[in-house]
Amino acid sequence: MKPIRIVSIITAIAVAALSLISARAQQGSKPTPQTTQSSGNQDAGQKEVVNIKNVLLPVTVTDRKNQFVMGLTQQDFLIFEDKQPQTIVSFTTEEKADPPLYVGVLMDTSPSVAGKLKFEQESAINFIQTVIRPRRDRVAFVTFDHQITLRQDFTNKLDLLDKAVHAIKKPGERTLFYDAIWQFCDEKLRSAPGRRVLVVITDGDDSNYSKATLKDAIDIAQRTETTVFALSTKSGFSGSVPGVSAGTVKDNIDKELEKLCDETGGAAFFTGDELALERAFTRIAHELHTQYILTYKPTNENYDGQERKIEVRLVGEGKGLKLRTKKGYRATNDTVR
């Protein structure tokens with residue numbers, strides 16, 4: 001009887017192992033190319049995984065002159081989800097908020113930007129120096145072409161970031177634009193213990209090389225509460241930046257870049273003029289530090305995978321003021337750290 005019992009135990013173990021492998025396979029997320037990590041270690045602490053219950057909304061308010069508006073209170077804001085009023089459960093300003101900014105800078109190093117590589121490098125380091133607050137905010141630097149390469153993990157050390165940016169010597173092949181956004185949001189920003197921001201420096205041309213789509217990129221950014229800003233290297237003024245087209249009319253690629261930013265509460269900047277680009281850096285940095293941070297618990301707690309539309313208004317229409325925040329999210333029982 002003993003041999004039979006041993007065989008039964010071995011069989012049970014094998015069945016259990018196969019069941020575990022099958023379960024893990026079914027839990028896999030959208031396949032994307034594996035990140036190549038070249039340097040840097042994350043110097044941020046980790047938090048335990050919790051289910052998303054509240055929706056976080058960084059809100060930008062501007063006046064008729066496109067200047068940022070401060071001094072508003074919780075009573076000035078109204079939130080609607082699928083046209084149903086929601087209750088604000090927390091309200092603060094970025095200036096007073098405790099969590100640091102976690103900013104991912106993604107730089108396009110594909111063949112289409114070969115003539116603009118130096119310009120992109122200077123753009124990246126200038127932005128990093130503009131946005132980071134010493135001993136508080138952290139930046140990670142990633143390049144994407146036929147590979148997605150983490151050049152420097154989250155850090156507040158400018159010398160490490162400068163070294164990582166200027167270590168790039170030549171472009172790669174193809175453009176995994178949407179894959180880079182999807183993978184960085186899912187693998188890095190999901191676990192960042194602070195406000196999550198993604199800044200992409202690119203001409204916006206994915207050329208259908210990515211497995212992820214524009215919709216996928218928007219979805220993962222919204223689910224990981226990431227605001228996306230884009231600095232396009234495609235358009236600009238003649239002769240100002242080598243390799244940048246002059247007077248380019250916005251095409252479908254530009255419109256997709258705008259949609260990516262608009263749906264996540266960010267903005268896209270189309271300029272190759274160095275002075276205008278510096279103004280864009282300053283504006284993004286100023287915006288990130290003057291936003292209102294609102295959270296609400298959805299009245300519809302059914303995680304059915306459906307798209308939810310968000311609208312934020314000001315009481316009394318705000319006297320000509322404009323609001324910008326993410327436009328919605330997909331109701332999944334997702335997790336962040």
# chains A, B, ... in the order shown; residues from 1 in each chain; ligands from 1
call {"tool": "residues_around", "arguments": {"residues": "A:Thr227", "least_positions_apart": "3", "cutoff": "7 Å", "atoms": "only C-alpha atoms", "output": "ChimeraX atom specification"}}
result
/A:196-198,221,264-266
call {"tool": "residues_around", "arguments": {"residues": "stretch 319-328 of chain A", "least_positions_apart": "2", "cutoff": "9 Å", "atoms": "only C-alpha atoms", "output": "MDAnalysis selection string"}}
result
chainID A and resid 57:64 66 69 81 222 225 227 261:266 307:314 316:317 330
call {"tool": "residues_around", "arguments": {"residues": "A:Phe281", "least_positions_apart": "5", "cutoff": "12 Å", "atoms": "only C-alpha atoms", "output": "number ranges by chain"}}
result
A: 122-132, 199, 201, 229-231, 267-269, 271, 274-276, 286-288
call {"tool": "residues_around", "arguments": {"residues": "A:Val200", "least_positions_apart": "6", "cutoff": "9 Å", "atoms": "only C-alpha atoms", "output": "list in words"}}
result
Gly104, Val105, Leu106, Met107, Asp108, Ile181, Val228, Phe229, Ala230, Leu231 and Ser232 of chain A
call {"tool": "atom_distance", "arguments": {"atom1": "atom CA of A:His166", "atom2": "atom CA of A:Thr213"}}
result
29.6 Å
call {"tool": "closest_atom_pairs", "arguments": {"of": "stretch 173-220 of chain A", "to": "stretch 249-258 of chain A", "cutoff": "10 Å", "atoms": "only C-alpha atoms", "output": "tab-separated table"}}
result
residue	atom	partner	partner_atom	distance
A:Val200	CA	A:Leu257	CA	9.7
A:Thr202	CA	A:Leu257	CA	9.5
A:Asp203	CA	A:Asp254	CA	8.2
A:Gly204	CA	A:Ile253	CA	6.0
A:Asp205	CA	A:Ile253	CA	6.1
A:Asp206	CA	A:Ile253	CA	8.4
A:Ser207	CA	A:Ile253	CA	9.4
A:Leu214	CA	A:Glu256	CA	7.3
A:Lys215	CA	A:Glu256	CA	9.8
call {"tool": "atom_distance", "arguments": {"atom1": "atom CA of A:Arg136", "atom2": "atom CA of A:Lys157"}}
result
10.6 Å
call {"tool": "select_by_dssp", "arguments": {"residues": "stretch 102-291 of chain A", "states": "helix (DSSP H, G or I)", "output": "PyMOL selection string"}}
result
chain A and resi 111-131+158-166+177-187+189-191+214-223+252-263+274-288
